[in-house]
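S.K.: Sharing a structure, written as structure tokens. Questions coming.
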Amino acid sequence: MTISAIIQCSTCSHKLRLRYQVGYIEPVIVKIACNQCGKLIKGHIAKNSDTFIFPNDKVFHDYEETDQVISISSELPIAIKSSNTTSFVALTPFMAITDFVNVEKIKEFEMKLQQFLTVYNAKYSQLKTCIEIFQDSNWQYFLIEAKKQFRSSLTISKNDFTESAGVMNDIFKDFYKYISTDFYEVNFNKRLQVETINKVLPNIDELKSLKVSIETYIKIEVEFRKAISLMMRFLDNIKSFFPVIVLTYNNDYNTEYTDELGLTTFEFSDLKDLYIEQFEYLSRISSLYFGLENLAERGNFNDFGTIPDCNVLNDYYAKDNGIKKDIIKKSAILNNYFLNTLNSQIRNGIGHLKTIYEPKKQLIKYFPYKDPARVNTHKEIYLIDFTLQVYQQALKIRDSIEVLAKLLNVTNNG
């Protein structure tokens, strides 16, 4: 069923016709740009009703022709050139998206989405409670609450951080298994585990030495807590990420959708801080991955092989996070794993220098250069592709707590 309404911009009086394909997610967040003045119009569709609520703009439910039509979806991205048109034959968002994701993949996504919502609606508040207890280092109470809410068969033994980290990792799997594809799990998460930490689990003494070395740069417990905080920020906003998650059902993490697809659930300002913090975290944790890879490949966590400018792990860690991606490119394992999720030019533009967002086009212009000759030179990324990067970063943060939990278990209990 499709419902519609007319929204009149309070700034310029321009009228937009919104068309919403009723789906699984409620309330539906709406963030779109007025084609006349460019203002972001923000609102939502009320739960269990067809009421459009836009606090700062007028809403009319009588049909009216307008020169701007916006299709809205909370589950799928919008095929802009097919959906946002006044033509009588205009497709709904659900039909138009089949040009990008085939119907069977959409059905698979929708099945997982409904499974996720069942778990999320039933257990997310309990997860928040567990996180609060965990972050306060109340290990005994955390483990009791985790056993009560998530793991009835859990045997509690040590009541310490290591045991709690392992349980926390298992609980997050209950949520993330519905919001990542089987392809991702096999080709990214599991491959990372197999080619790094799993290869060296028997080497307890070497892993203990690696842990001691790593903790002169980063504190593992601090990083584990930071990862959890970032994962909760992601899960707090997970419903707005659904329109990009479906695109990963093509088993392709390299495609850029540019101006072909749009989002109605996010604006750039919702995501930029999360991108920066996830970037910084993953850059830090890559030091551990290199140590594990070096140990697995050459029996010495400090041996970077043929990679120049990295004689020991400390050399790598000391480098600026923006430079680390260039070293990661020289590792087949880590380069294939991180793909484009550590783009230091985007990070520098939005974090240190200058970024301009054009809401009508959903285009992000970022200025990555400091030198005077190029300071006004910009690069571009569309919101849909930026959001995909943030989502992929979030999956990799989930992966990291699995690596950290394994390292803690073997070094503290081995």
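Scheme for the structure tokens: letters A, B, ... for chains in order shown; per-chain residue numbers from 1; ligand numbers from 1 in order shown.
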Extract, using only C-alpha atoms, all DNA, RNA and protein residues at most 10 Å from A:Glu297, discarding same-chain residues fewer than 5 positions from it, and format them as a list in words.

M.R.: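 The residues that qualify are Glu195, Thr196, Lys199, Val200, Leu292, Asp303, Phe304 and Gly305 of chain A.
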
S.K.: Can I get the selection written as a compact mmCIF listing (two decimals), in the first residue's frame, with N, CA and C atoms?

M.R.:
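Contents of again-v4.txt, freshly written:
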# COMPACT_ATOMS: atom_id res chain seq x y z
N GLU A 195 42.96 -15.87 9.11
CA GLU A 195 44.29 -15.51 8.63
C GLU A 195 45.12 -14.75 9.65
N THR A 196 44.52 -14.42 10.80
CA THR A 196 45.30 -13.72 11.83
C THR A 196 45.22 -14.46 13.17
N LYS A 199 45.24 -18.46 13.44
CA LYS A 199 46.49 -19.12 13.06
C LYS A 199 47.48 -19.22 14.22
N VAL A 200 47.37 -18.28 15.14
CA VAL A 200 48.42 -18.19 16.18
C VAL A 200 47.90 -18.48 17.58
N LEU A 292 49.39 -9.57 14.60
CA LEU A 292 48.91 -10.95 14.43
C LEU A 292 49.31 -11.51 13.07
N ASP A 303 57.97 -8.32 12.71
CA ASP A 303 58.56 -8.48 11.38
C ASP A 303 57.53 -8.16 10.30
N PHE A 304 57.69 -7.01 9.63
CA PHE A 304 56.77 -6.57 8.59
C PHE A 304 57.20 -7.06 7.20
N GLY A 305 58.19 -7.93 7.14
CA GLY A 305 58.60 -8.47 5.86
C GLY A 305 59.13 -7.39 4.94

S.K.: Could you pull the residues within 12 Å of A:Glu215, counting only C-alpha atoms, minus those fewer than 2 positions along the same chain, as a list of chain:residue names?

M.R.: A:Lys208, A:Ser209, A:Leu210, A:Lys211, A:Val212, A:Ser213, A:Tyr217, A:Ile218, A:Lys219, A:Ile220, A:Glu221, A:Val222, A:Glu223, A:Arg284, A:Ile285, A:Ser287, A:Leu288, A:Leu313, A:Asn314, A:Tyr317

S.K.: Could you name the residues that touch A:Lys158 at 12 Å or less, counting only C-alpha atoms, but leaving out those on the same chain fewer than 5 positions away, as a list of chain:residue names?

M.R.: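 Listed by chain and then number, they are A:Trp139, A:Gln140, A:Leu143, A:Glu163, A:Ser164, A:Ala165, A:Gly166, A:Asn409, A:Asn412, A:Asn413.
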
S.K.: Give the strand (DSSP E or B) residues of stretch 57-149 of chain A, as DSSP finds them on the backbone, and put them as a list in words.

M.R.: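 After running DSSP on the backbone, stretch 57-149 of chain A has strand (DSSP E or B) at Lys58, Val59, Phe60, Val69, Ile70, Ser71, Ile72, Ile78 and Ala79 of chain A.
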
S.K.: List the neighbours of stretch 123-138 of chain A out to 12 Å using only C-alpha atoms; skip same-chain residues closer than 5 positions along the sequence, and give me the result as a PyMOL selection string.

M.R.: chain A and resi 116-118+143-150+159-175+221-233+235-236+238

S.K.: Restrict the selected residues to C-alpha atoms and save them as a CSV table (one decimal), in the first residue's frame.

M.R.:
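Contents of part_16.csv, freshly written:
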chain,number,residue,atom,x,y,z
A,116,PHE,CA,16.2,-8.8,13.4
A,117,LEU,CA,13.3,-6.6,14.4
A,118,THR,CA,11.8,-9.5,16.4
A,143,LEU,CA,27.4,-11.9,34.0
A,144,ILE,CA,24.3,-12.6,36.1
A,145,GLU,CA,22.2,-10.2,33.9
A,146,ALA,CA,23.7,-11.7,30.7
A,147,LYS,CA,22.8,-15.2,31.9
A,148,LYS,CA,19.3,-14.1,32.8
A,149,GLN,CA,18.6,-12.2,29.6
A,150,PHE,CA,20.7,-13.8,26.9
A,159,ASN,CA,33.7,-12.9,37.2
A,160,ASP,CA,36.4,-10.9,35.4
A,161,PHE,CA,36.9,-8.6,32.4
A,162,THR,CA,38.1,-11.5,30.2
A,163,GLU,CA,35.1,-13.7,30.8
A,164,SER,CA,32.8,-10.8,30.5
A,165,ALA,CA,34.3,-9.7,27.1
A,166,GLY,CA,33.8,-13.2,25.7
A,167,VAL,CA,30.1,-13.2,26.8
A,168,MET,CA,29.7,-9.6,25.4
A,169,ASN,CA,31.0,-10.7,22.1
A,170,ASP,CA,28.6,-13.6,21.9
A,171,ILE,CA,25.6,-11.4,22.8
A,172,PHE,CA,26.4,-9.0,20.0
A,173,LYS,CA,26.5,-11.9,17.6
A,174,ASP,CA,22.8,-12.4,18.4
A,175,PHE,CA,22.1,-9.0,16.9
A,221,GLU,CA,40.3,-3.0,27.7
A,222,VAL,CA,39.8,0.7,26.8
A,223,GLU,CA,39.5,-0.2,23.1
A,224,PHE,CA,37.0,-3.0,23.8
A,225,ARG,CA,34.9,-0.5,25.8
A,226,LYS,CA,35.2,2.0,23.0
A,227,ALA,CA,34.1,-0.6,20.4
A,228,ILE,CA,31.0,-1.4,22.5
A,229,SER,CA,30.1,2.3,22.7
A,230,LEU,CA,30.4,2.7,18.9
A,231,MET,CA,28.4,-0.5,18.3
A,232,MET,CA,25.6,0.8,20.5
A,233,ARG,CA,25.6,4.2,18.6
A,235,LEU,CA,22.5,0.0,16.8
A,236,ASP,CA,20.6,3.0,18.2
A,238,ILE,CA,20.1,0.8,12.9

S.K.: Excluding same-chain residues fewer than 5 positions from stretch 260-269 of chain A, what lies within 8 Å of it counting only C-alpha atoms, as a ChimeraX atom specification?

M.R.: /A:28-32,72-74,77-81,240-241,243,357,359,362,364,383-384

S.K.: Mind dumping the selected residues with N, CA and C atoms as a short mmCIF file (atom, residue, chain, number, x, y, z; two decimals), in the first residue's frame?

M.R.:
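The file below, part.cif, is the result:
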data_model
loop_
_atom_site.label_atom_id
_atom_site.label_comp_id
_atom_site.auth_asym_id
_atom_site.auth_seq_id
_atom_site.Cartn_x
_atom_site.Cartn_y
_atom_site.Cartn_z
N VAL A 28 8.53 6.00 10.54
CA VAL A 28 9.40 6.21 9.38
C VAL A 28 10.05 7.60 9.47
N ILE A 29 11.35 7.64 9.52
CA ILE A 29 12.07 8.91 9.55
C ILE A 29 12.15 9.48 8.14
N VAL A 30 11.88 10.77 8.00
CA VAL A 30 11.93 11.43 6.70
C VAL A 30 12.86 12.64 6.78
N LYS A 31 13.89 12.65 5.92
CA LYS A 31 14.82 13.78 5.84
C LYS A 31 15.10 14.02 4.36
N ILE A 32 14.51 15.09 3.84
CA ILE A 32 14.61 15.38 2.41
C ILE A 32 14.84 16.87 2.21
N ILE A 72 9.46 7.71 -0.55
CA ILE A 72 10.01 7.49 0.79
C ILE A 72 10.01 5.99 1.08
N SER A 73 11.13 5.52 1.61
CA SER A 73 11.18 4.14 2.06
C SER A 73 12.08 4.05 3.27
N SER A 74 11.68 3.27 4.24
CA SER A 74 12.51 3.05 5.42
C SER A 74 13.29 1.75 5.33
N PRO A 77 16.70 1.89 -0.46
CA PRO A 77 17.07 3.18 -1.03
C PRO A 77 16.14 3.53 -2.17
N ILE A 78 16.13 4.79 -2.56
CA ILE A 78 15.23 5.26 -3.60
C ILE A 78 15.98 5.34 -4.93
N ALA A 79 15.45 4.66 -5.93
CA ALA A 79 15.99 4.79 -7.28
C ALA A 79 15.50 6.13 -7.84
N ILE A 80 16.32 7.15 -7.70
CA ILE A 80 15.88 8.54 -7.88
C ILE A 80 15.26 8.79 -9.25
N LYS A 81 15.92 8.36 -10.31
CA LYS A 81 15.44 8.70 -11.65
C LYS A 81 14.17 7.94 -12.03
N SER A 240 17.66 3.29 10.39
CA SER A 240 17.95 4.22 9.29
C SER A 240 18.99 3.65 8.33
N PHE A 241 19.73 2.60 8.75
CA PHE A 241 20.73 1.99 7.89
C PHE A 241 20.15 0.92 6.97
N PRO A 243 18.14 0.88 4.44
CA PRO A 243 18.17 1.10 2.99
C PRO A 243 19.53 0.87 2.33
N TYR A 357 28.02 20.18 2.18
CA TYR A 357 26.98 19.21 1.84
C TYR A 357 25.88 19.89 1.04
N PRO A 359 22.30 19.27 0.02
CA PRO A 359 21.19 18.34 0.32
C PRO A 359 20.30 18.01 -0.87
N GLN A 362 22.22 15.39 -2.44
CA GLN A 362 22.80 14.47 -1.46
C GLN A 362 24.28 14.24 -1.77
N ILE A 364 28.29 15.17 -0.98
CA ILE A 364 29.26 15.64 0.01
C ILE A 364 30.53 16.05 -0.74
N LEU A 383 25.85 10.75 -0.56
CA LEU A 383 25.40 10.30 0.76
C LEU A 383 25.19 8.79 0.81
N ILE A 384 24.63 8.21 -0.24
CA ILE A 384 24.37 6.77 -0.25
C ILE A 384 25.67 5.98 -0.09
#

S.K.: Could you check the closest approach to A:Pro368 for each of A:Val59, A:Ile328, A:Ile346, A:Ile25 and tell me which residue wins, using only C-alpha atoms?

M.R.: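 Smallest distance to A:Pro368 is found for A:Ile346.
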
S.K.: Could you pull out all residues of stretch 18-110 of chain A with a DSSP call of helix (DSSP H, G or I) and give them as a PDB file with C-alpha atoms, in the first residue's frame?

M.R.:
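Generated file (part-v6.pdb):
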ATOM      1  CA  ILE A  80      15.879   8.536  -7.884  1.00  0.00           C
ATOM      2  CA  LYS A  81      15.442   8.698 -11.655  1.00  0.00           C
ATOM      3  CA  SER A  82      12.680   6.065 -11.621  1.00  0.00           C
ATOM      4  CA  SER A  83      10.797   6.927  -8.442  1.00  0.00           C
ATOM      5  CA  PRO A  93      10.453   2.619  -4.343  1.00  0.00           C
ATOM      6  CA  PHE A  94      10.060  -1.133  -3.908  1.00  0.00           C
ATOM      7  CA  MET A  95       9.630  -1.727  -7.653  1.00  0.00           C
ATOM      8  CA  ALA A  96      12.292   0.684  -8.865  1.00  0.00           C
ATOM      9  CA  ILE A  97      15.010  -0.750  -6.649  1.00  0.00           C
ATOM     10  CA  THR A  98      14.876  -4.074  -8.526  1.00  0.00           C
ATOM     11  CA  ASP A  99      17.083  -2.429 -11.146  1.00  0.00           C
ATOM     12  CA  VAL A 103      13.735  -9.568  -6.223  1.00  0.00           C
ATOM     13  CA  GLU A 104      15.031 -12.767  -4.630  1.00  0.00           C
ATOM     14  CA  LYS A 105      17.775 -10.867  -2.813  1.00  0.00           C
ATOM     15  CA  ILE A 106      15.227  -8.330  -1.576  1.00  0.00           C
ATOM     16  CA  LYS A 107      13.078 -11.161  -0.239  1.00  0.00           C
ATOM     17  CA  GLU A 108      16.101 -12.620   1.559  1.00  0.00           C
ATOM     18  CA  PHE A 109      16.857  -9.210   3.045  1.00  0.00           C
ATOM     19  CA  GLU A 110      13.256  -8.695   4.173  1.00  0.00           C
TER      20      GLU A 110
END

S.K.: Can you tell me, as a list in words, what residues are no more than 10 Å from A:Thr258 when counting only C-alpha atoms, ignoring any on the same chain fewer than 6 positions away?

M.R.: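 Using only C-alpha atoms, the neighbours found are Lys361, Gln362, Leu363, Glu380, Ile381, Tyr382, Leu383, Ile384, Asp385 and Phe386 of chain A.
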